[in-house]
Amino acid sequence: MGKKSKIMTSLVSLMLVLVLIAGCSSKGNSTATNSTSKNEPVTITYSAGKDSTPATQKLVEAFEQKYPNIKVKVQELPNSSDDQHNSYVTALSAGDSSIDVLAMDIIWTPEFAAANWLLPLDDKFTQEMRDKFLSGPVEAVTYDGHIWAVPRFTDAGVLYYRKDIISTPPKTWEELIQMAKDNVGKGGTKYGIVFQGNQYEGLVCDALEVIGSNGGNVLEGDKVTINTPQAVGGLQYLLDLAKIAPPGVTTYQEEDARNVFQQGEAIFMRNWPYAWSLVNGDDSPIKDKVGIAPIPKGKDGQAGTPALGGWNLGINKYSKHPEEAWKFVEFVTSEEGQKITALEGGNLPTIKSLYQDKDVLAKNPYWSDLYDAFITAKPRPVTPFYPQMSDSMQINFHKALTGEITPQQAIQNIEKDLNDIIKNEGKK
Ligand code: GLC
């Protein structure tokens with residue numbers, strides 16, 4: 001071998017050694033990276049509306065204790081369902097992966113599922129698990145034969161009343177209005193009732209309750225059935241209630257109503273069960289002075305028809321941590337998680353057995369009496385086009401409430417809009 005070829009051979013060997021070292025060290029590095037990432041906590045983002053109760057914080061604490069390798073960052077959105085909806089539509093339609101788990105209003109499932117924004121959970125939320133849940137909320141997370149979320153809590157409209165002023169709650173809207181007129185001023189009250197009169201989803205719930213409780217309806221299958229004297233008469237009740245409410249009621253959302261009621265200014269309040277723990281909190285001026293009754297009925301109706309609400313947990317299809325996201329969903333919706341929500345948030349469980357749980361009932365004693373009303377609460381129209389339908393209802397119910405149009409005109413406008421929406425969407 002000549003000098004030149006010797007040098008070449010050594011150079012080649014050196015290169016080989018270098019390549020080998022590089023290979024080993026890169027292998028070594030990648031193993032190191034993997035093992036570090038295994039030990040390093042993964043952070044998932046849970047996006048939900050602002051919680052006025054301690055429930056969300058307690059759930060996250062309990063979850064992180066159980067799963068020390070998963071941290072949860074709570075991304076707090078505004079309180080109103082509509083604002084949350086709009087922010088998800090913007091983020092999810094752009095394929096945003098920064099949200100892992102999202103709290104979804106019961107009315108969004110068909111829209112979000114049809115838009116393909118969620119991870120299907122058929123294999124995770126198994127039949128065995130579903131059997132422990134109330135059937136209504138499970139139906140509400142099912143669309144097109146698949147499961148798109150897991151029910152976190154259910155909701156139904158209820159009537160809060162001051163039991164230090166009213167001994168027996170009203171069964172009809174007429175009785176309620178009369179009782180309010182006869183008793184206003186007692187116990188420091190200034191108003192008959194507070195409810196959700198702002199132009200948003202909460203108003204749709206309140207309006208559909210007065211309409212339903214007077215025998216009215218919105219849709220039967222694909223047929224728009226809202227234009228009836230019962231629906232017009234039902235909506236008229238909401239205008240009558242506004243006359244015994246604070247002048248600002250046409251801007252009230254849930255928390256505005258609760259604050260006025262909690263300050264002791266109103267005899268009645270239409271709200272959801274979450275308000276119970278807050279109006280009975282240690283800092284509440286009306287602690288222990290509150291009763292809860294079913295939504296009253298109208299003169300042309302059979303029974304009060306509480307609106308069905310509720311919140312579910314879905315996983316963003318673009319989540320980079322679907323397994324960790326599922327662990328969080330599984331925990332929050334488990335019996336343990338829902339018990340925390342029931343005790344700390346006063347929200348109605350979707351797991352049946354919790355309605356027999358002693359601690360839960362001690363904290364929410366009215367649940368056994370109102371159970372039937374809860375489980376027969378009336379769903380809003382279930383369709384991917386619900387946002388468009390709700391827009392029309394929000395606008396027209398609000399115009400009627402502020403006196404811009406009559407209840408009859410509001411109902412006619414909604415009838416026309418809903419028919420147009422069904423016709424146009426059917427063509428797509
Ligand atoms: C409650 C209900 C939800 C409803 C909303 C309206 O959060 O659970 O379903 O859409 O109120 O404000």
# chains A, B, ... in the order shown; residues from 1 in each chain; ligands from 1
call {"tool": "residues_around", "arguments": {"residues": "stretch 203-214 of chain A", "least_positions_apart": "4", "cutoff": "7 Å", "atoms": "only C-alpha atoms", "output": "list in words"}}
result
Gln196, Gly197, Asn198, Gln199, Gln230, Ala231, Gly234, Leu235, Tyr237, Leu238, Lys297, Gly298, Lys299, Asp300, Gly301, Gln302, Ala303, Gly304, Thr305, Pro306, Ala307, Met393 and Gln394 of chain A
call {"tool": "residues_around", "arguments": {"residues": "A:Leu119", "least_positions_apart": "6", "cutoff": "9 Å", "atoms": "only C-alpha atoms", "output": "JSON, numbers by chain"}}
result
{"A": [113, 147, 148, 149, 314, 315, 316, 317, 318, 319, 322]}
call {"tool": "residues_around", "arguments": {"residues": "A:Val329", "least_positions_apart": "2", "cutoff": "8 Å", "atoms": "only C-alpha atoms", "output": "list in words"}}
result
Val101, Val150, Leu313, Gly314, Ala325, Trp326, Lys327, Phe331, Val332 and Thr333 of chain A
call {"tool": "residues_near_ligand", "arguments": {"ligand": "ligand 1", "cutoff": "10 Å", "atoms": "only C-alpha atoms and all ligand atoms", "output": "ChimeraX atom specification"}}
result
/A:49,79-82,104-108,153-157,196,198,200-206,253-255,271-274,307-312,347-348,379-380
call {"tool": "select_by_dssp", "arguments": {"residues": "stretch 47-81 of chain A", "states": "alpha helix (DSSP H)", "output": "ChimeraX atom specification"}}
result
/A:55-66,81
call {"tool": "closest_residue", "arguments": {"among": "A:Ala140, A:Ala275, A:Val60, A:Val224", "to": "A:Ile422", "atoms": "only C-alpha atoms"}}
result
A:Val224
call {"tool": "closest_residue", "arguments": {"among": "A:Lys363, A:Lys66, A:Arg270, A:Lys399", "to": "A:Trp173", "atoms": "only C-alpha atoms"}}
result
A:Arg270
call {"tool": "residues_around", "arguments": {"residues": "A:Val260", "least_positions_apart": "2", "cutoff": "10 Å", "atoms": "only C-alpha atoms", "output": "PDB file with all heavy atoms, in the first residue's frame"}}
result
ATOM      1  N   THR A 189     -87.632  43.096  48.761  1.00  0.00           N
ATOM      2  CA  THR A 189     -87.682  42.905  47.309  1.00  0.00           C
ATOM      3  C   THR A 189     -88.185  44.164  46.589  1.00  0.00           C
ATOM      4  O   THR A 189     -88.967  44.944  47.135  1.00  0.00           O
ATOM      5  CB  THR A 189     -88.609  41.726  46.918  1.00  0.00           C
ATOM      6  OG1 THR A 189     -89.898  41.949  47.520  1.00  0.00           O
ATOM      7  CG2 THR A 189     -88.054  40.408  47.411  1.00  0.00           C
ATOM      8  N   LYS A 190     -87.701  44.312  45.341  1.00  0.00           N
ATOM      9  CA  LYS A 190     -88.132  45.448  44.515  1.00  0.00           C
ATOM     10  C   LYS A 190     -88.844  44.988  43.247  1.00  0.00           C
ATOM     11  O   LYS A 190     -89.509  45.766  42.589  1.00  0.00           O
ATOM     12  CB  LYS A 190     -86.910  46.249  44.063  1.00  0.00           C
ATOM     13  CG  LYS A 190     -86.123  46.903  45.174  1.00  0.00           C
ATOM     14  CD  LYS A 190     -85.173  47.914  44.526  1.00  0.00           C
ATOM     15  CE  LYS A 190     -83.932  48.080  45.369  1.00  0.00           C
ATOM     16  NZ  LYS A 190     -82.753  48.418  44.621  1.00  0.00           N
ATOM     17  N   TYR A 191     -88.598  43.728  42.878  1.00  0.00           N
ATOM     18  CA  TYR A 191     -89.124  43.232  41.607  1.00  0.00           C
ATOM     19  C   TYR A 191     -89.798  41.885  41.796  1.00  0.00           C
ATOM     20  O   TYR A 191     -89.482  41.154  42.727  1.00  0.00           O
ATOM     21  CB  TYR A 191     -87.995  43.083  40.583  1.00  0.00           C
ATOM     22  CG  TYR A 191     -87.165  44.320  40.432  1.00  0.00           C
ATOM     23  CD1 TYR A 191     -85.877  44.383  40.956  1.00  0.00           C
ATOM     24  CD2 TYR A 191     -87.689  45.449  39.781  1.00  0.00           C
ATOM     25  CE1 TYR A 191     -85.117  45.536  40.837  1.00  0.00           C
ATOM     26  CE2 TYR A 191     -86.937  46.611  39.665  1.00  0.00           C
ATOM     27  CZ  TYR A 191     -85.653  46.650  40.193  1.00  0.00           C
ATOM     28  OH  TYR A 191     -84.908  47.789  40.089  1.00  0.00           O
ATOM     29  N   ILE A 193     -89.762  39.318  39.297  1.00  0.00           N
ATOM     30  CA  ILE A 193     -88.974  38.196  38.756  1.00  0.00           C
ATOM     31  C   ILE A 193     -87.751  38.701  37.999  1.00  0.00           C
ATOM     32  O   ILE A 193     -87.737  39.862  37.531  1.00  0.00           O
ATOM     33  CB  ILE A 193     -89.861  37.317  37.814  1.00  0.00           C
ATOM     34  CG1 ILE A 193     -89.153  36.001  37.447  1.00  0.00           C
ATOM     35  CG2 ILE A 193     -90.285  38.081  36.555  1.00  0.00           C
ATOM     36  CD1 ILE A 193     -90.067  34.958  36.793  1.00  0.00           C
ATOM     37  N   VAL A 194     -86.740  37.870  37.916  1.00  0.00           N
ATOM     38  CA  VAL A 194     -85.618  38.110  36.998  1.00  0.00           C
ATOM     39  C   VAL A 194     -85.459  36.866  36.127  1.00  0.00           C
ATOM     40  O   VAL A 194     -85.700  35.747  36.571  1.00  0.00           O
ATOM     41  CB  VAL A 194     -84.290  38.409  37.742  1.00  0.00           C
ATOM     42  CG1 VAL A 194     -84.257  39.836  38.254  1.00  0.00           C
ATOM     43  CG2 VAL A 194     -84.026  37.429  38.888  1.00  0.00           C
ATOM     44  N   PRO A 246     -86.964  43.939  36.557  1.00  0.00           N
ATOM     45  CA  PRO A 246     -86.233  45.214  36.457  1.00  0.00           C
ATOM     46  C   PRO A 246     -86.193  45.684  35.003  1.00  0.00           C
ATOM     47  O   PRO A 246     -86.182  44.839  34.093  1.00  0.00           O
ATOM     48  CB  PRO A 246     -84.812  44.841  36.916  1.00  0.00           C
ATOM     49  CG  PRO A 246     -84.902  43.503  37.551  1.00  0.00           C
ATOM     50  CD  PRO A 246     -86.128  42.829  37.038  1.00  0.00           C
ATOM     51  N   TYR A 252     -80.279  41.019  30.424  1.00  0.00           N
ATOM     52  CA  TYR A 252     -79.772  40.065  31.422  1.00  0.00           C
ATOM     53  C   TYR A 252     -79.401  38.705  30.837  1.00  0.00           C
ATOM     54  O   TYR A 252     -80.152  38.121  30.071  1.00  0.00           O
ATOM     55  CB  TYR A 252     -80.844  39.775  32.489  1.00  0.00           C
ATOM     56  CG  TYR A 252     -80.982  40.816  33.573  1.00  0.00           C
ATOM     57  CD1 TYR A 252     -80.385  42.063  33.471  1.00  0.00           C
ATOM     58  CD2 TYR A 252     -81.733  40.536  34.711  1.00  0.00           C
ATOM     59  CE1 TYR A 252     -80.540  43.005  34.467  1.00  0.00           C
ATOM     60  CE2 TYR A 252     -81.897  41.473  35.715  1.00  0.00           C
ATOM     61  CZ  TYR A 252     -81.289  42.707  35.586  1.00  0.00           C
ATOM     62  OH  TYR A 252     -81.450  43.635  36.570  1.00  0.00           O
ATOM     63  N   GLU A 255     -75.986  35.196  34.838  1.00  0.00           N
ATOM     64  CA  GLU A 255     -75.322  35.753  36.008  1.00  0.00           C
ATOM     65  C   GLU A 255     -75.901  37.099  36.442  1.00  0.00           C
ATOM     66  O   GLU A 255     -75.870  37.440  37.624  1.00  0.00           O
ATOM     67  CB  GLU A 255     -73.810  35.864  35.752  1.00  0.00           C
ATOM     68  CG  GLU A 255     -73.084  34.539  35.925  1.00  0.00           C
ATOM     69  CD  GLU A 255     -73.118  34.067  37.374  1.00  0.00           C
ATOM     70  OE1 GLU A 255     -74.089  33.384  37.746  1.00  0.00           O
ATOM     71  OE2 GLU A 255     -72.178  34.397  38.125  1.00  0.00           O
ATOM     72  N   ASP A 256     -76.435  37.890  35.484  1.00  0.00           N
ATOM     73  CA  ASP A 256     -77.080  39.166  35.860  1.00  0.00           C
ATOM     74  C   ASP A 256     -78.316  38.866  36.696  1.00  0.00           C
ATOM     75  O   ASP A 256     -78.564  39.500  37.724  1.00  0.00           O
ATOM     76  CB  ASP A 256     -77.488  39.955  34.608  1.00  0.00           C
ATOM     77  CG  ASP A 256     -76.314  40.144  33.660  1.00  0.00           C
ATOM     78  OD1 ASP A 256     -75.321  40.740  34.090  1.00  0.00           O
ATOM     79  OD2 ASP A 256     -76.389  39.657  32.512  1.00  0.00           O
ATOM     80  N   ALA A 257     -79.086  37.886  36.230  1.00  0.00           N
ATOM     81  CA  ALA A 257     -80.301  37.515  36.961  1.00  0.00           C
ATOM     82  C   ALA A 257     -79.930  37.007  38.355  1.00  0.00           C
ATOM     83  O   ALA A 257     -80.512  37.412  39.363  1.00  0.00           O
ATOM     84  CB  ALA A 257     -81.061  36.436  36.191  1.00  0.00           C
ATOM     85  N   ARG A 258     -78.927  36.141  38.400  1.00  0.00           N
ATOM     86  CA  ARG A 258     -78.551  35.591  39.706  1.00  0.00           C
ATOM     87  C   ARG A 258     -78.101  36.688  40.667  1.00  0.00           C
ATOM     88  O   ARG A 258     -78.454  36.688  41.845  1.00  0.00           O
ATOM     89  CB  ARG A 258     -77.449  34.543  39.571  1.00  0.00           C
ATOM     90  CG  ARG A 258     -77.050  34.001  40.950  1.00  0.00           C
ATOM     91  CD  ARG A 258     -75.898  33.058  40.939  1.00  0.00           C
ATOM     92  NE  ARG A 258     -74.643  33.578  40.514  1.00  0.00           N
ATOM     93  CZ  ARG A 258     -73.722  34.146  41.311  1.00  0.00           C
ATOM     94  NH1 ARG A 258     -73.973  34.338  42.587  1.00  0.00           N
ATOM     95  NH2 ARG A 258     -72.570  34.537  40.815  1.00  0.00           N
ATOM     96  N   GLN A 262     -79.811  37.245  44.107  1.00  0.00           N
ATOM     97  CA  GLN A 262     -78.988  36.966  45.292  1.00  0.00           C
ATOM     98  C   GLN A 262     -78.885  38.185  46.209  1.00  0.00           C
ATOM     99  O   GLN A 262     -78.725  38.039  47.417  1.00  0.00           O
ATOM    100  CB  GLN A 262     -77.592  36.506  44.846  1.00  0.00           C
ATOM    101  CG  GLN A 262     -76.763  35.945  45.979  1.00  0.00           C
ATOM    102  CD  GLN A 262     -75.598  35.120  45.455  1.00  0.00           C
ATOM    103  OE1 GLN A 262     -75.750  34.333  44.520  1.00  0.00           O
ATOM    104  NE2 GLN A 262     -74.427  35.268  46.042  1.00  0.00           N
ATOM    105  N   GLN A 263     -78.972  39.374  45.619  1.00  0.00           N
ATOM    106  CA  GLN A 263     -78.967  40.585  46.460  1.00  0.00           C
ATOM    107  C   GLN A 263     -80.301  40.764  47.171  1.00  0.00           C
ATOM    108  O   GLN A 263     -80.513  41.739  47.889  1.00  0.00           O
ATOM    109  CB  GLN A 263     -78.647  41.835  45.613  1.00  0.00           C
ATOM    110  CG  GLN A 263     -77.178  41.948  45.189  1.00  0.00           C
ATOM    111  CD  GLN A 263     -76.206  41.601  46.315  1.00  0.00           C
ATOM    112  OE1 GLN A 263     -76.282  42.156  47.408  1.00  0.00           O
ATOM    113  NE2 GLN A 263     -75.313  40.642  46.059  1.00  0.00           N
ATOM    114  N   GLY A 264     -81.232  39.877  46.919  1.00  0.00           N
ATOM    115  CA  GLY A 264     -82.508  39.932  47.626  1.00  0.00           C
ATOM    116  C   GLY A 264     -83.527  40.846  46.963  1.00  0.00           C
ATOM    117  O   GLY A 264     -84.533  41.210  47.568  1.00  0.00           O
ATOM    118  N   GLU A 265     -83.306  41.201  45.693  1.00  0.00           N
ATOM    119  CA  GLU A 265     -84.187  42.205  45.071  1.00  0.00           C
ATOM    120  C   GLU A 265     -85.394  41.636  44.334  1.00  0.00           C
ATOM    121  O   GLU A 265     -86.293  42.384  43.970  1.00  0.00           O
ATOM    122  CB  GLU A 265     -83.362  43.070  44.108  1.00  0.00           C
ATOM    123  CG  GLU A 265     -82.310  43.881  44.844  1.00  0.00           C
ATOM    124  CD  GLU A 265     -81.560  44.852  43.953  1.00  0.00           C
ATOM    125  OE1 GLU A 265     -81.963  45.040  42.789  1.00  0.00           O
ATOM    126  OE2 GLU A 265     -80.564  45.410  44.430  1.00  0.00           O
ATOM    127  N   ALA A 266     -85.404  40.329  44.070  1.00  0.00           N
ATOM    128  CA  ALA A 266     -86.538  39.775  43.316  1.00  0.00           C
ATOM    129  C   ALA A 266     -87.155  38.586  44.059  1.00  0.00           C
ATOM    130  O   ALA A 266     -86.455  37.858  44.774  1.00  0.00           O
ATOM    131  CB  ALA A 266     -86.083  39.341  41.932  1.00  0.00           C
ATOM    132  N   MET A 269     -86.970  33.851  40.324  1.00  0.00           N
ATOM    133  CA  MET A 269     -85.917  33.867  39.299  1.00  0.00           C
ATOM    134  C   MET A 269     -86.039  32.604  38.457  1.00  0.00           C
ATOM    135  O   MET A 269     -86.133  31.504  38.980  1.00  0.00           O
ATOM    136  CB  MET A 269     -84.521  33.883  39.942  1.00  0.00           C
ATOM    137  CG  MET A 269     -83.405  33.606  38.926  1.00  0.00           C
ATOM    138  SD  MET A 269     -81.729  33.831  39.554  1.00  0.00           S
ATOM    139  CE  MET A 269     -81.517  32.396  40.594  1.00  0.00           C
TER     140      MET A 269
END
call {"tool": "atom_distance", "arguments": {"atom1": "atom CA of A:Glu344", "atom2": "atom CA of A:Thr56"}}
result
8.6 Å
call {"tool": "residues_around", "arguments": {"residues": "A:Tyr88", "least_positions_apart": "2", "cutoff": "10 Å", "atoms": "only C-alpha atoms", "output": "list in words"}}
result
Ser47, Leu77, Asp82, Asp83, Gln84, His85, Asn86, Thr90, Ala91, Leu92, Ser93, Ala94, Asp96, Ile99, Leu102, Met104, Phe112 and Trp117 of chain A
call {"tool": "closest_residue", "arguments": {"among": "A:Asn183, A:Thr109, A:Asn396, A:Ser97", "to": "A:Gln408", "atoms": "only C-alpha atoms"}}
result
A:Asn396
call {"tool": "atom_distance", "arguments": {"atom1": "atom CA of A:Val74", "atom2": "atom CA of A:Thr45"}}
result
5.9 Å
call {"tool": "closest_residue", "arguments": {"among": "A:Lys339, A:Lys163, A:His398, A:Arg152", "to": "A:Phe268", "atoms": "only C-alpha atoms"}}
result
A:Lys163
